Amino acid sequence: MPQFLSTKSWLRGLLFFVFALNACIALAQDGIIKGQVTENIDKETMIGASVMLEDGKGTVTDIDGNYQLSVSPGTHTLTFKYVGYEELKKTVAVKAGETVTLNVTIKEASTQLDFVVVSASQYEKNIAEETVSMDILDSRLIENNNATELGEAVDKSVGVQVQEGQISIRGGSSYSYGVGSRTAVMVDNVSFTSADLGEAQLKQVPIENIEQIEVIKGASSVVYGSSALNGVVNVITSWPKSETPQQELTVFQGVYNNPKRKELRWWSKGSTPGFSGISYSVGQKKGNLDVVGGANVNYVNNYLELADEFRVRASFKTRYRSKKVQGLNFGINGSVNRENSERFFIASDLDSGAYLNGSPSSDQYWKANLDPHLTYINGKGSTHRFRSRWLNVFRIGSETTPNANSNALYAEYQYQKNWNDRFVLTAGLPWSFGFSTSNLYEGTRINYSGAGYTQAEFKTRKLSVVGGVRYEINAVDSLTETTIPVFRTGINYQPAPFTFIRTSWGQAYRLPSIGERFIDAEFSLARIVPNPNLQPEKGWGYEFGIKQGLKISKWMGYLDFSMFWSEYTNFVEYNADVFAPDDWEGSVPFDSLFAWLGLQANNVGLARVAGFEGSIIGKGDIGPVQFRTLAGYTYTFPVNLEADSSLRDVGNYIKRAAEYINKRVPDSLSSYLLNYRVRHLVKGDIELKYKRFMIGYTIYYGSFPERIDPLFTFAIRNLDKFIEEHQEGDIVMGLRAGVDISDKFRLSFLVKNLTNHEYSSRPGRIDPPRSYTLQLKFNL
């Protein structure tokens, strides 16, 4: 009979078995490495920084800069990467079941091309790796040029023209009387365009709180939808960086010089026209809450008769970082704007009456927006975003004119998955709804759209390949217009350490605005004629470009050269014609011609805009001097292929574009050119700073448009004379200087239009004469 173990022996064996089992479990159990990533200057937490293990597995940091990795027991090397910062490697030993905290600080990189953008790929990325042309306008450039609204700031971008609030990129658009836009204007990736007129609300953007402006050049409808036919302007506003309140106060006062021609001066000696303004911004982190506030007041006593303007705006931003759910943040942003403006549509004539208002009118507005938002980053490469905006433009009526009210609702859910910085997938479901009433058109107009898009990017060490598709349904009133899917693709290849070659192709479309289709209104000099049959525009664009990095001492930048080609169907242009009332008899006196002048948006059919662009951008120190530059030249050849069908042949088009690259197209042949386009455009801004002293210089050159609607040249007095005097184009320069009186106070003086040159960016309206501005900035 077998002998059983004693109780003591049995317990001793059981304990040995349990300890052995625990040891085996412990040997197989993973450890955890976690921590926070901050940057070395402001100690700001880094959102979306890459944290990679030696085997290629990894994660990205959440909204608070935190990360967490599950690892096997042993020694591991972690690599921390973030665009614009030096790569950092850390080695750490982890025992089974152990949690190791590893907080790191990464340093700003000292290599060239460290310009970070987010608009094209929807995540932070080095601009050199993008497949499309982009410009970056930072807050310093905006402040030092005393830009008082978004249009003045964007006008510094190479290849971009801003005409009274309408943005044209590489000749893709002309002035369209305040309605419709082929450039999508976004604030923090959400549209800032009115529901009925399709007009970007440039003066409502909180310019005192801009971190940077990103300009995408080329068709961008896959991500940004309608209106992105020629490109995108995306304003990135700032968030606070510390627990200490960051406050800035800027005050300025300016005056206009008398014009060179004394007969243009309409004001008395004691009432010199001028402008003034004040702006304030504050930002602070309060525990888990980020708060930003801003205010702006601007007054213009205009050099143009009956064209004064006053506006006051307040704005705010909030973001709460959840304590319970790591990686979750949400908040609401908003602004309210009151604007009184007199409108100068066209001059009495372009001789002695060039500053006199030939069609005076005035408007009073309330404008507001509210922007709820939510972001969740799970720390495993997935990001969920919800962005939305209510945008209201309310025009106050008068005894004879009713109120006008435009409401736009925008919302988008976006999901993004990043697999170890090798493959990034972005998908979105945007939606918009607008309802508007106005005396300019009949009834209440409703427009809406719904879309789905996806964009994927595959990256290796030297190659980046992007592709995307979008499908959207649009409707205006009872009319439903379903767009065909639009596609984009692009490649960026790095053949040498600081050389990047890119090529891209993309489709785009634009739904005409309610204003373009239905406005039926008479002004003192002209009538806007409706065209309810206006069809959507569609097009595609191709680009090939090379970006070469530069480094001189501690100055870093790049040279960029690109060739672009865009084609459109159902292209929309405003044309002038004579519309006489039914009971009109006899001839129209010259003085009365404007009473019969009508402007109407029409589909001109096929159009093509192609050209090339070269630019240089950089910043940094050369010896003891800080040096910043943004400059470039753009040439375009914009043609109406319906007006000259021979140009549809690519060979004929290229031959014609080359033939007239250094001379004007004769009037007898200019009928095939698109209206009001500037074919040669030079932009430059250079700034030097030595210790506490700063000096800057700006230059603009634009060739004069060869194609102006013939009816305008007949109807606007002395326009033909003005055109003759400006055949060679216009050069306009500016100069600025400043000094840091202390770390808290800076004094600057600016001279714009240095030579007091008389020029016009659109027919019928003369641009400002020389002006002087004194600017005071306080860091409180």
# chains A, B, ... in the order shown; residues from 1 in each chain; ligands from 1
call {"tool": "residues_around", "arguments": {"residues": "Phe275 of chain A", "least_positions_apart": "3", "cutoff": "8 Å", "atoms": "only C-alpha atoms", "output": "PDB file with C-alpha atoms, in the first residue's frame"}}
result
ATOM      1  CA  GLN A 253      -1.982 104.959 -36.452  1.00  0.00           C
ATOM      2  CA  GLY A 254      -1.507 105.700 -40.142  1.00  0.00           C
ATOM      3  CA  VAL A 255      -2.051 108.488 -42.661  1.00  0.00           C
ATOM      4  CA  ASN A 298     -10.142  99.057 -36.910  1.00  0.00           C
ATOM      5  CA  TYR A 299     -11.150 102.368 -38.477  1.00  0.00           C
ATOM      6  CA  VAL A 300     -10.391 103.607 -42.010  1.00  0.00           C
ATOM      7  CA  ASN A 301     -10.977 107.234 -43.032  1.00  0.00           C
ATOM      8  CA  ASN A 302     -10.472 106.349 -46.671  1.00  0.00           C
TER       9      ASN A 302
END
call {"tool": "closest_residue", "arguments": {"among": "A:Phe252, A:Phe745, A:Phe712, A:Trp419", "to": "Glu457 of chain A", "atoms": "only C-alpha atoms"}}
result
A:Trp419
call {"tool": "residues_around", "arguments": {"residues": "Ser388 of chain A", "least_positions_apart": "3", "cutoff": "12 Å", "atoms": "only C-alpha atoms", "output": "MDAnalysis selection string"}}
result
chainID A and resid 186:192 330:334 369:375 385 391 408:414 429:433
call {"tool": "select_by_dssp", "arguments": {"residues": "segment 641-701 of chain A", "states": "helix (DSSP H, G or I)", "output": "number ranges by chain"}}
result
A: 645-648, 650-659, 670-672
call {"tool": "write_last_selection", "arguments": {"atoms": "C-alpha atoms", "output": "tab-separated table (two decimals), in the first residue's frame"}}
result
chain	number	residue	atom	x	y	z
A	645	SER	CA	-10.02	76.66	-80.65
A	646	SER	CA	-6.55	76.36	-82.20
A	647	LEU	CA	-5.11	76.72	-78.69
A	648	ARG	CA	-6.67	73.42	-77.68
A	650	VAL	CA	-1.02	71.64	-76.76
A	651	GLY	CA	1.77	72.50	-79.19
A	652	ASN	CA	0.04	75.67	-80.37
A	653	TYR	CA	-0.69	76.70	-76.80
A	654	ILE	CA	2.92	76.26	-75.65
A	655	LYS	CA	4.18	78.10	-78.72
A	656	ARG	CA	1.82	81.03	-78.06
A	657	ALA	CA	2.69	81.15	-74.35
A	658	ALA	CA	6.41	81.23	-75.18
A	659	GLU	CA	5.95	83.84	-77.91
A	670	SER	CA	-6.26	89.38	-76.81
A	671	SER	CA	-9.86	88.18	-77.13
A	672	TYR	CA	-8.77	84.60	-76.26
call {"tool": "residues_around", "arguments": {"residues": "Gln166 of chain A", "least_positions_apart": "3", "cutoff": "9 Å", "atoms": "only C-alpha atoms", "output": "ChimeraX atom specification"}}
result
/A:151,161-163,173-181,183,199-200,202
call {"tool": "write_last_selection", "arguments": {"atoms": "all heavy atoms", "output": "tab-separated table (two decimals), in the first residue's frame"}}
result
chain	number	residue	atom	x	y	z
A	151	GLY	N	-6.93	89.17	-45.88
A	151	GLY	CA	-6.57	89.43	-47.26
A	151	GLY	C	-5.21	90.10	-47.39
A	151	GLY	O	-4.41	89.76	-48.27
A	161	GLN	N	-2.95	86.71	-55.66
A	161	GLN	CA	-3.45	88.07	-55.71
A	161	GLN	C	-4.74	88.17	-54.92
A	161	GLN	O	-5.58	87.26	-54.96
A	161	GLN	CB	-3.74	88.49	-57.15
A	161	GLN	CG	-2.54	89.06	-57.89
A	161	GLN	CD	-2.97	89.76	-59.15
A	161	GLN	OE1	-3.54	89.16	-60.05
A	161	GLN	NE2	-2.71	91.06	-59.22
A	162	VAL	N	-4.89	89.27	-54.19
A	162	VAL	CA	-6.11	89.52	-53.43
A	162	VAL	C	-6.71	90.82	-53.92
A	162	VAL	O	-6.09	91.88	-53.82
A	162	VAL	CB	-5.84	89.58	-51.91
A	162	VAL	CG1	-7.14	89.81	-51.15
A	162	VAL	CG2	-5.16	88.30	-51.43
A	163	GLN	N	-7.91	90.75	-54.48
A	163	GLN	CA	-8.59	91.91	-55.02
A	163	GLN	C	-9.87	92.13	-54.23
A	163	GLN	O	-10.85	91.41	-54.41
A	163	GLN	CB	-8.91	91.71	-56.50
A	163	GLN	CG	-7.66	91.53	-57.37
A	163	GLN	CD	-8.01	91.12	-58.78
A	163	GLN	OE1	-8.84	90.25	-59.02
A	163	GLN	NE2	-7.38	91.77	-59.75
A	173	SER	N	-8.47	82.81	-60.95
A	173	SER	CA	-9.69	83.60	-60.81
A	173	SER	C	-9.41	85.04	-61.16
A	173	SER	O	-8.27	85.51	-61.13
A	173	SER	CB	-10.23	83.53	-59.37
A	173	SER	OG	-10.47	82.21	-58.97
A	174	SER	N	-10.48	85.76	-61.47
A	174	SER	CA	-10.41	87.21	-61.60
A	174	SER	C	-11.40	87.81	-60.61
A	174	SER	O	-12.13	87.10	-59.93
A	174	SER	CB	-10.75	87.64	-63.03
A	174	SER	OG	-12.11	87.35	-63.32
A	175	TYR	N	-11.44	89.12	-60.55
A	175	TYR	CA	-12.38	89.78	-59.66
A	175	TYR	C	-13.80	89.45	-60.08
A	175	TYR	O	-14.15	89.57	-61.26
A	175	TYR	CB	-12.15	91.30	-59.68
A	175	TYR	CG	-13.10	92.05	-58.79
A	175	TYR	CD1	-13.03	91.90	-57.40
A	175	TYR	CD2	-14.07	92.89	-59.32
A	175	TYR	CE1	-13.90	92.57	-56.57
A	175	TYR	CE2	-14.94	93.58	-58.49
A	175	TYR	CZ	-14.86	93.41	-57.13
A	175	TYR	OH	-15.72	94.09	-56.30
A	176	SER	N	-14.63	88.99	-59.14
A	176	SER	CA	-15.98	88.56	-59.47
A	176	SER	C	-17.04	89.25	-58.62
A	176	SER	O	-18.05	88.66	-58.26
A	176	SER	CB	-16.11	87.03	-59.33
A	176	SER	OG	-15.76	86.62	-58.02
A	177	TYR	N	-16.76	90.52	-58.26
A	177	TYR	CA	-17.77	91.39	-57.65
A	177	TYR	C	-18.32	90.85	-56.33
A	177	TYR	O	-19.48	91.02	-56.00
A	177	TYR	CB	-18.91	91.65	-58.65
A	177	TYR	CG	-18.38	92.08	-59.99
A	177	TYR	CD1	-18.21	91.16	-61.02
A	177	TYR	CD2	-17.97	93.39	-60.21
A	177	TYR	CE1	-17.67	91.53	-62.24
A	177	TYR	CE2	-17.42	93.77	-61.43
A	177	TYR	CZ	-17.28	92.85	-62.44
A	177	TYR	OH	-16.74	93.22	-63.64
A	178	GLY	N	-17.47	90.17	-55.59
A	178	GLY	CA	-17.83	89.78	-54.23
A	178	GLY	C	-18.62	88.50	-54.11
A	178	GLY	O	-19.07	88.15	-53.02
A	179	VAL	N	-18.81	87.76	-55.21
A	179	VAL	CA	-19.56	86.50	-55.12
A	179	VAL	C	-18.75	85.38	-55.76
A	179	VAL	O	-18.05	85.57	-56.75
A	179	VAL	CB	-20.94	86.61	-55.80
A	179	VAL	CG1	-21.82	87.58	-55.08
A	179	VAL	CG2	-20.80	87.03	-57.26
A	180	GLY	N	-18.84	84.19	-55.18
A	180	GLY	CA	-18.14	83.03	-55.71
A	180	GLY	C	-16.65	83.07	-55.44
A	180	GLY	O	-16.06	84.14	-55.32
A	181	SER	N	-16.05	81.91	-55.29
A	181	SER	CA	-14.62	81.84	-55.05
A	181	SER	C	-14.10	80.49	-55.51
A	181	SER	O	-14.76	79.47	-55.30
A	181	SER	CB	-14.30	82.02	-53.56
A	181	SER	OG	-12.93	81.86	-53.32
A	183	THR	N	-11.06	79.64	-54.49
A	183	THR	CA	-10.09	79.34	-53.44
A	183	THR	C	-10.85	79.11	-52.15
A	183	THR	O	-11.57	79.99	-51.67
A	183	THR	CB	-9.10	80.50	-53.26
A	183	THR	OG1	-8.41	80.73	-54.48
A	183	THR	CG2	-8.11	80.19	-52.16
A	199	GLU	N	-18.80	83.97	-50.33
A	199	GLU	CA	-17.75	84.97	-50.10
A	199	GLU	C	-16.99	84.65	-48.82
A	199	GLU	O	-17.57	84.48	-47.75
A	199	GLU	CB	-18.38	86.37	-49.98
A	199	GLU	CG	-17.39	87.48	-49.80
A	199	GLU	CD	-18.07	88.83	-49.66
A	199	GLU	OE1	-19.29	88.87	-49.37
A	199	GLU	OE2	-17.39	89.85	-49.84
A	200	ALA	N	-15.67	84.55	-48.92
A	200	ALA	CA	-14.84	84.30	-47.75
A	200	ALA	C	-14.89	85.51	-46.83
A	200	ALA	O	-14.69	86.64	-47.28
A	200	ALA	CB	-13.41	84.01	-48.18
A	202	LEU	N	-13.04	87.35	-44.86
A	202	LEU	CA	-11.64	87.61	-44.51
A	202	LEU	C	-11.50	88.54	-43.32
A	202	LEU	O	-10.56	88.42	-42.52
A	202	LEU	CB	-10.90	88.18	-45.72
A	202	LEU	CG	-10.94	87.36	-47.01
A	202	LEU	CD1	-10.06	88.00	-48.07
A	202	LEU	CD2	-10.51	85.93	-46.76
call {"tool": "closest_atom_pairs", "arguments": {"of": "segment 370-481 of chain A", "to": "segment 513-516 of chain A", "cutoff": "8 Å", "atoms": "only C-alpha atoms", "output": "Markdown table"}}
result
| residue | atom | partner | partner_atom | distance |
| --- | --- | --- | --- | --- |
| A:Tyr441 | CA | A:Gly515 | CA | 7.9 |
| A:Arg445 | CA | A:Ile514 | CA | 7.5 |
| A:Val476 | CA | A:Ile514 | CA | 7.8 |
call {"tool": "write_last_selection", "arguments": {"atoms": "N, CA, C and O atoms", "output": "mmCIF file, in the first residue's frame"}}
result
data_model
loop_
_atom_site.group_PDB
_atom_site.id
_atom_site.type_symbol
_atom_site.label_atom_id
_atom_site.label_comp_id
_atom_site.auth_asym_id
_atom_site.auth_seq_id
_atom_site.Cartn_x
_atom_site.Cartn_y
_atom_site.Cartn_z
ATOM 1 N N TYR A 441 -32.029 88.754 -54.042
ATOM 2 C CA TYR A 441 -32.632 87.654 -54.783
ATOM 3 C C TYR A 441 -33.962 87.305 -54.128
ATOM 4 O O TYR A 441 -34.257 87.728 -53.003
ATOM 5 N N ARG A 445 -33.335 80.982 -49.928
ATOM 6 C CA ARG A 445 -32.539 80.044 -50.712
ATOM 7 C C ARG A 445 -31.856 79.044 -49.788
ATOM 8 O O ARG A 445 -31.271 79.435 -48.766
ATOM 9 N N VAL A 476 -29.165 72.929 -54.545
ATOM 10 C CA VAL A 476 -29.575 74.319 -54.365
ATOM 11 C C VAL A 476 -31.069 74.374 -54.623
ATOM 12 O O VAL A 476 -31.529 74.085 -55.736
#
call {"tool": "closest_residue", "arguments": {"among": "A:Ala314, A:Val251, A:Leu735, A:Val336", "to": "Leu776 of chain A", "atoms": "only C-alpha atoms"}}
result
A:Val251
call {"tool": "select_by_dssp", "arguments": {"residues": "segment 311-435 of chain A", "states": "strand (DSSP E)", "output": "number ranges by chain"}}
result
A: 311-321, 328-343, 361-377, 382-395, 404-419, 423-435
